[in-house]
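Step one of this worksheet: look at the structure below.
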Amino acid sequence: MSIAWYLTLSALIFGMGAGGVLVRRNPIVILFCLELMLNAANLALIGFSRMWGNGDGQIFALIVVVVAACEVTVGLGLIVAMHRRRLPVDVDEMRELSG
Amino acid sequence: MSTLVFFIAAIGAITGAIGVIALKNPYYSALALAGHMISLAALFLLLRAEFLAAAQVIIYAGAVIVLYVFVVSYVGDAVPAVGANPGRIAALGAFACGTALVVELLIAVLGSGLQAINHDGAPYHAGFGTPGQIGTLLLTRFLAPFEIASYLLLVAAIGAVTLARRRHGLEDGVEGQPPALELADLFGLRPQGTGTMHEAGGAVEVVEP
Amino acid sequence: MSATTAAWLVLAAPLAGTIVTGALFRRLPGRSAGWLGTGAVAVSFVFALIALAKLQQATPSHRELTSTLWTIAGSVGVDARATILVDPLSVLMICVVSGVSMLIHLYSVSYLQGDRGYSRFFAYLNFFVFSMLLLVLAGNFVLLIVGWAFVGAASYMLISFWYRRTTATSAGIKAFVINVLGDIGLVLGTFFIFRHTHTFDMLASFRAAPHVFAHGSGDVTAGCLLLLVGAFAKSAQIPLHTWLPDAMEGPTPVSALIHAATMVTAGVYLIARMHPLFQLAPAAGDVGAIIGCLTLLIAGTIGLAATDLKRVIAYSTMSQIGYMIMGVSVGAYTAGLFHLMTHAFFKALLFMAAGSLISAMGGTQSLDRMSGFRRALPFTFGCFIIGGLALSGVPPLSGYFSKDSILLFVAGRGGWHWALWGAGYLGAFLTALYTFRMIFRAFLGDPCPEAAELIEHGHLFHPQAPTNPANGEIEDTDVGFPGPDHVVAERAWPMRAAMGTLALLAIVGGIVAIPKSTSWLDHFLAPTFADSTLVGHASNTVLVIGLILGAVVSLGGIATAYYVWVLRPGLATSIRARFAAPATLFENKWYFDELIDTLVVRPGAWFGRFAQNSFERVFVNGALIGGSTGLVRAGSALVRASQSGLLRVYAGLMLLGVAGVALYFLLQS
């Protein structure tokens with residue numbers, strides 16, 4: 001398969017992840033969609049790495065995985081804190097950035 | 001053969017993605033995400049990135065999804081019904097946004113006149129994508145990112161602990177309203193007997209009331 | 001000290017007086033503000049006399065001196081400089097102005113005592129004297145306009161001196177608006193002249209005038225007519241005269257100084273000063289003469305019917321200035337200025353005496369309520385008699401000679417000017433008639449209650465509550481209203497001193513220019529008017545006829561007044577009933593106020609309302625103000641809507657932004 005196919009697939013998954021971020025109200029599911037987007041990016045990186053024939057893209061993808069893991073940690077910590085304070089776990093209710 | 005595997009994995013990935021964004025129950029979303037991750041691992045293998053495929057399965061599908069499942073079960077999977085549902089228009093808007101993004105990326109990638117993407121890739125050298133190569137790269141060319149990534153992990157861990165620790169003495173809000181968070185809560189000292197590590201470590205004399 | 005230095009000091013003294021009195025107005029105790037103001041003008045008068053002496057020391061051909069202090073604006077062909085012109089005409093004017101002003105200041109020291117605005121009054125009065133001196137000393141058209149405008153402003157401030165009286169403030173505004181019309185005429189006239197002579201300096205302009213203007217050309221006639229508009233407004237000639245009777249709302253010293261002796265003569269001075277230009281525009285001179293003649297007749301008839309004491313004297317001022325305007329318009333410059341000088345003496349005297357009489361009446365000015373003050377106020381009565389005789393032109397007082405010299409010159413011009421000559425004597429008859437009507441009604445006959453109180457008990461009448469004499473409103477005596485004191489001349493020596501000096505001058509003042517006998521004034525003013533081309537040499541026959549006719553007419557007028565108002569008391573009422581139509585016309589002041597109201601005021605008010613409803617409401621408030629604020633509000637509302645607080649909206653916007661940036665780079669490549 002030519003690399004173009006992988007890149008197409010990556011674009012598709014990225015778009016779906018973006019749409020999901022905008023549609024869902026549960027913050028955990030929003031984080032899932034963020035994972036989708038990151039994975040799509042990883043796919044594209046590894047595709048390009050294969051295209052060039054060196055391992056830079058793969059290292060980049062590995063670091064992206066690390067970053068994703070950190071982000072998940074902190075995000076889930078936030079959600080646990082919200083839940084513990086009996087705040088509604090719903091992004092539409094968290095509106096204090098308004099004005 | 002590889003084409004077939006590609007399509008199977010691609011369909012799996014897309015199905016998983018659709019499942020993540022469409023399923024109401026967050027458990028099912030998590031499951032769909034796991035499926036998606038494994039499909040992607042297959043795709044990585046097709047692209048000769050063996051180590052990454054393995055890392056994907058172990059770290060992502062293994063640890064991260066499990067973490068998600070823990071939190072989902074802590075928070076609860078009830079679909080929150082407070083407030084008005086933005087509904088159809090928002091969904092349409094989101095669809096439009098996503099489509100726009102996809103189309104743009106496709107144009108960028110396919111219409112850019114890159115010659116190389118129409119091939120299967122550069123000639124394959126042995127050792128491409130193996131753990132050995134990854135390790136060599138990590139410790140030679142990419143040593144700085146490697147170290148910084150490890151710092152990042154440390155910071156994230158401390159952050160998570162700070163955010164989610166128990167704070168004794170924070171009362172419930174008035175009449176079921178959620179209690180307001182204040183900056184002081186992040187930095188204030190807690191009364192004794194709240195069960196902090198400080199006390200557990202034996203540095204403070206716990207005086208029984 | 002040269003004449004020009006003395007002239008600058010003449011200007012500086014009242015300016016210093018006004019600044020000091022104005023700055024210290026709260027601190028000056030008692031009557032010290034009055035003495036300060038009087039002193040300033042006295043210093044000015046002394047310097048005026050010094051300037052006179054120094055000027056006469058020079059040879060006659062060197063008596064036109066100029067002195068410039070600084071250049072106001074001197075580029076692009078404009079030469080506006082702060083220049084004064086010291087020549088016989090201006091020296092005569094400054095001596096008369098500062099002298100009479102000094103006496104009026106002296107009078108006011110005691111007349112206005114007890115008024116809460118005492119210091120303010122003297123600050124304003126000094127400012128007026130400064131402005132008037134600036135006007136007559138100006139050697140540059142720009143400075144003349146400045147002085148002219150300042151005088152108008154001072155008049156406004158002084159007419160509405162008792163500013164809590166609405167009648168006074170309305171009168172002040174009326175005076176100011178009509179004076180502004182005159183200012184427009186003056187400025188436009190100056191512009192017409194400047195367009196051709198290309199200089200604002202008066203002497204240079206006069207020298208250039210015969211070369212740049214053809215005799216009787218359109219531009220110079222237009223310029224002179226516009227200058228005449230200015231002169232008419234300032235000197236209260238028809239049709240811009242309606243402000244002068246209302247200006248009697250001001251305190252009596254103000255009426256004496258501004259509206260009798262000095263400011264209203266500014267028009268006369270203007271025409272005399274601009275005589276080289278008027279000689280190039282005979283049409284303008286004729287217009288001036290006719291208007292002057294009309295004014296003297298019309299004002300005379302209104303004076304016959306007026307019942308307010310000060311308004312009778314105001315109409316007599318209007319009439320006498322008609323004589324002066326007529327005189328200087330036909331070319332009788334020396335005669336006109338002679339009449340200006342004598343008129344200043346006896347008119348100021350009459351107003352001062354009127355002030356004393358009004359004080360005795362406790363503030364009322366209505367002739368209908370005054371009678372029999374002869375024994376109550378003997379000094380005031382004497383001053384009235386002397387002033388009245390001078391005004392009527394009874395020989396040998398000064399008014400006789402001055403009025404006659406004007407009419408003599410007019411006759412000497414010949415032709416249709418004989419009509420003016422005849423009208424002049426008719427006017428003299430009317431003058432004697434209404435002047436002595438006023439005097440006989442106020443002083444002869446049975447004493448009215450106020451007079452009786454003065455005669456029997458020896459103290460002044462005080463009204464129950466202070467009232468506005470114009471409309472009878474009750475007022476108080478706080479700041480902005482007249483003070484509680486009423487001062488009569490018999491009891492205040494400053495008033496007697498001033499009035500006595502003026503009475504003396506009114507009697508002997510005529511000696512400086514008795515026609516065909518003494519010609520001191522003629523010789524004095526000759527350097528200024530040497531280039532006058534208008535001559536009015538009448539034969540000796542006309543001179544004798546004129547002198548006799550003048551005496552007969554004035555004495556006849558006094559006799560008629562005595563007959564109608566003293567000997568046969570009911571006769572006046574029956575005459576009025578018999579000639580009801582003309583009587584109504586005179587009583588309503590020839591309906592000039594109503595005419596101006598219909599022609600000018602109502603259309604103006606209608607236009608203002610129309611503009612407000614159509615233009616201001618729709619365009620300015622709607623489009624300009626409402627539109628721009630509406631736009632801003634709508635814009636900000638739009639932007640505010642994006643700050644919703646919803647996380648997903650923010651995320652969506654971020655994605656859109658990223659897509660946009662990517663699109664940009666895509667399009668670039």
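FYI, nothing fancy with the structure tokens labels: chains A, B, ... in order, residues from 1 per chain, ligands from 1 as they appear.
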
Got a sec: who's within 12 Å of region 579-581 of chain C, counting only C-alpha atoms, leaving out chain neighbours fewer than 6 positions off, as a PDB file with C-alpha atoms, in the first residue's frame?
```pdb
ATOM      1  CA  ALA C 305     -45.505 110.197  24.798  1.00  0.00           C
ATOM      2  CA  ALA C 572     -52.787 117.375  27.642  1.00  0.00           C
ATOM      3  CA  THR C 573     -55.414 114.686  28.126  1.00  0.00           C
ATOM      4  CA  GLU C 587     -46.903 105.643  22.769  1.00  0.00           C
ATOM      5  CA  ASN C 588     -46.122 102.339  21.083  1.00  0.00           C
ATOM      6  CA  TRP C 590     -43.841 103.552  16.256  1.00  0.00           C
TER       7      TRP C 590
END
```

Taking only residues of chain C that have an atom at most 9 Å from an atom of chain B, what is each one's shortest atom pair and its distance in Å to one decimal, using only C-alpha atoms, in chain and number order, as JSON lines?
```
{"residue": "C:Gly652", "atom": "CA", "partner": "B:Cys97", "partner_atom": "CA", "distance": 7.5}
{"residue": "C:Leu655", "atom": "CA", "partner": "B:Cys97", "partner_atom": "CA", "distance": 7.7}
{"residue": "C:Leu656", "atom": "CA", "partner": "B:Cys97", "partner_atom": "CA", "distance": 7.1}
{"residue": "C:Val658", "atom": "CA", "partner": "B:Leu101", "partner_atom": "CA", "distance": 8.9}
{"residue": "C:Ala659", "atom": "CA", "partner": "B:Leu101", "partner_atom": "CA", "distance": 6.2}
{"residue": "C:Ala662", "atom": "CA", "partner": "B:Glu104", "partner_atom": "CA", "distance": 7.9}
{"residue": "C:Leu663", "atom": "CA", "partner": "B:Glu104", "partner_atom": "CA", "distance": 7.1}
{"residue": "C:Leu666", "atom": "CA", "partner": "B:Ala108", "partner_atom": "CA", "distance": 6.5}
{"residue": "C:Ser669", "atom": "CA", "partner": "B:Ser112", "partner_atom": "CA", "distance": 8.6}
```

Write a file of the just-selected residues containing C-alpha atoms, as a PDB file, in the first residue's frame.
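Now in again25.pdb:
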```pdb
ATOM      1  CA  GLY C 652     -14.510  24.332  18.120  1.00  0.00           C
ATOM      2  CA  LEU C 655     -10.107  23.903  15.586  1.00  0.00           C
ATOM      3  CA  LEU C 656     -11.514  26.386  13.142  1.00  0.00           C
ATOM      4  CA  VAL C 658      -6.121  25.779  13.130  1.00  0.00           C
ATOM      5  CA  ALA C 659      -7.953  24.869   9.973  1.00  0.00           C
ATOM      6  CA  ALA C 662      -3.509  25.446   7.579  1.00  0.00           C
ATOM      7  CA  LEU C 663      -5.650  26.698   4.733  1.00  0.00           C
ATOM      8  CA  LEU C 666      -1.984  25.554   1.790  1.00  0.00           C
ATOM      9  CA  SER C 669       2.308  26.967  -1.526  1.00  0.00           C
TER      10      SER C 669
END
```

Set the distance at 12 Å and use only C-alpha atoms: which residues neighbour Ala91 (chain B) once local chain neighbours fewer than 3 positions away are removed? I'd like the list as a list in words.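 After dropping sequence-adjacent residues, the list is Ala18, Gly19, Gly20, Val21, Leu22, Val23, Arg24 and Arg25 of chain A; Ile21, Ala22, Asn85, Pro86, Gly87, Arg88, Ala94, Phe95, Ala96, Cys97 and Gly98 of chain B; Arg648, Val649 and Gly652 of chain C.
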
Generate the output file for the selected residues, C-alpha atoms, as a compact mmCIF listing (two decimals), in the first residue's frame.
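The resulting file, again26.txt, is shown below:
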```txt
# COMPACT_ATOMS: atom_id res chain seq x y z
CA ALA A 18 -12.26 16.51 16.36
CA GLY A 19 -15.97 16.04 15.76
CA GLY A 20 -16.21 13.90 18.82
CA VAL A 21 -14.57 16.54 20.99
CA LEU A 22 -17.17 19.03 19.90
CA VAL A 23 -20.16 16.75 20.34
CA ARG A 24 -19.74 14.88 23.60
CA ARG A 25 -20.50 16.33 26.99
CA ILE B 21 -17.74 9.16 19.51
CA ALA B 22 -21.16 7.59 19.21
CA ASN B 85 -28.84 19.50 25.37
CA PRO B 86 -27.42 21.57 22.53
CA GLY B 87 -28.77 18.94 20.21
CA ARG B 88 -29.03 18.81 16.51
CA ALA B 94 -19.40 19.61 14.77
CA PHE B 95 -19.87 17.41 11.74
CA ALA B 96 -19.19 20.34 9.49
CA CYS B 97 -16.08 21.23 11.47
CA GLY B 98 -14.72 17.73 11.29
CA ARG C 648 -16.80 22.88 23.42
CA VAL C 649 -17.44 26.18 21.70
CA GLY C 652 -14.51 24.33 18.12
```

Extract the full set of alpha helix (DSSP H) residues from region 507-543 of chain C according to DSSP on the backbone, and format it as JSON, numbers by chain. {"C": [507, 508, 520, 521, 522, 523, 524, 525, 526, 527, 528, 529, 540, 541, 542, 543]}

For the residues selected in the previous step, produce a file with C-alpha atoms as a PDB file, in the first residue's frame.
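Okay, part-v2.pdb is ready:
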```
ATOM      1  CA  ILE C 507     -23.359 126.523  30.563  1.00  0.00           C
ATOM      2  CA  VAL C 508     -20.010 127.748  29.318  1.00  0.00           C
ATOM      3  CA  TRP C 520     -10.887 127.382  18.805  1.00  0.00           C
ATOM      4  CA  LEU C 521     -12.393 123.989  18.114  1.00  0.00           C
ATOM      5  CA  ASP C 522     -12.164 124.528  14.377  1.00  0.00           C
ATOM      6  CA  HIS C 523      -8.494 125.313  14.586  1.00  0.00           C
ATOM      7  CA  PHE C 524      -7.874 122.473  16.976  1.00  0.00           C
ATOM      8  CA  LEU C 525      -9.495 119.879  14.740  1.00  0.00           C
ATOM      9  CA  ALA C 526      -8.223 121.354  11.505  1.00  0.00           C
ATOM     10  CA  PRO C 527      -5.225 118.983  11.061  1.00  0.00           C
ATOM     11  CA  THR C 528      -7.542 115.993  11.049  1.00  0.00           C
ATOM     12  CA  PHE C 529     -10.159 117.403   8.755  1.00  0.00           C
ATOM     13  CA  ASN C 540     -24.231 135.377   6.978  1.00  0.00           C
ATOM     14  CA  THR C 541     -27.942 135.818   6.337  1.00  0.00           C
ATOM     15  CA  VAL C 542     -28.549 132.174   6.848  1.00  0.00           C
ATOM     16  CA  LEU C 543     -26.434 132.344   9.986  1.00  0.00           C
TER      17      LEU C 543
END
```

What gap, in Å, lies between CA of His119 (chain B) and CA of Thr8 (chain A)?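 CA of Thr8 (chain A) lies 14.2 Å from CA of His119 (chain B).
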
For chain A, report every residue with an atom at most 7 Å from chain B (counting only C-alpha atoms), formatted as a VMD selection string. chain A and resid 1 to 4 8 11 to 13 15 to 16 18 to 20 22 to 23 29 32 to 33 36 47 50 to 53 55 59 63 66 69 to 70 73 to 74 76 to 78 80 to 81 83 85 to 87 90

Would you work out the distance separating CA of Ile386 (chain C) from CA of Phe443 (chain C), expressed in Å to one decimal? 13.7 Å

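Put simply, CA of Leu349 (chain C) is 23.5 Å away from CA of Ser119 (chain C).
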
Define the interface residues of chain C facing chain A as those within 10 Å, counting only C-alpha atoms, and report them as a list in words.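 Contact residues on the first chain: Arg640, Ala641, Ser642, Gln643, Ser644, Gly645, Leu646, Leu647, Arg648, Val649, Tyr650, Ala651, Gly652, Leu653 and Leu655 of chain C.
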
What lies within 10 Å of Gln365 (chain C) using only C-alpha atoms, ignoring chain neighbours under 5 positions off, as JSON, numbers by chain? {"C": [307, 308, 309, 310, 311, 354, 355, 357, 358, 359, 370, 468, 469, 470]}

With C-alpha atoms kept, could you save the residues just selected as a tab-separated table (two decimals), in the first residue's frame?
```
chain	number	residue	atom	x	y	z
C	307	THR	CA	-43.94	108.09	30.74
C	308	ASP	CA	-40.79	106.57	32.20
C	309	LEU	CA	-38.37	109.28	33.24
C	310	LYS	CA	-35.22	107.56	32.02
C	311	ARG	CA	-36.82	106.57	28.75
C	354	ALA	CA	-32.66	111.82	37.07
C	355	GLY	CA	-30.85	109.35	39.27
C	357	LEU	CA	-34.92	112.08	41.52
C	358	ILE	CA	-35.47	108.33	41.18
C	359	SER	CA	-33.74	107.81	44.52
C	370	MET	CA	-43.89	112.30	40.20
C	468	ASN	CA	-38.77	96.18	39.88
C	469	PRO	CA	-39.87	99.48	38.32
C	470	ALA	CA	-40.44	97.89	34.95
```
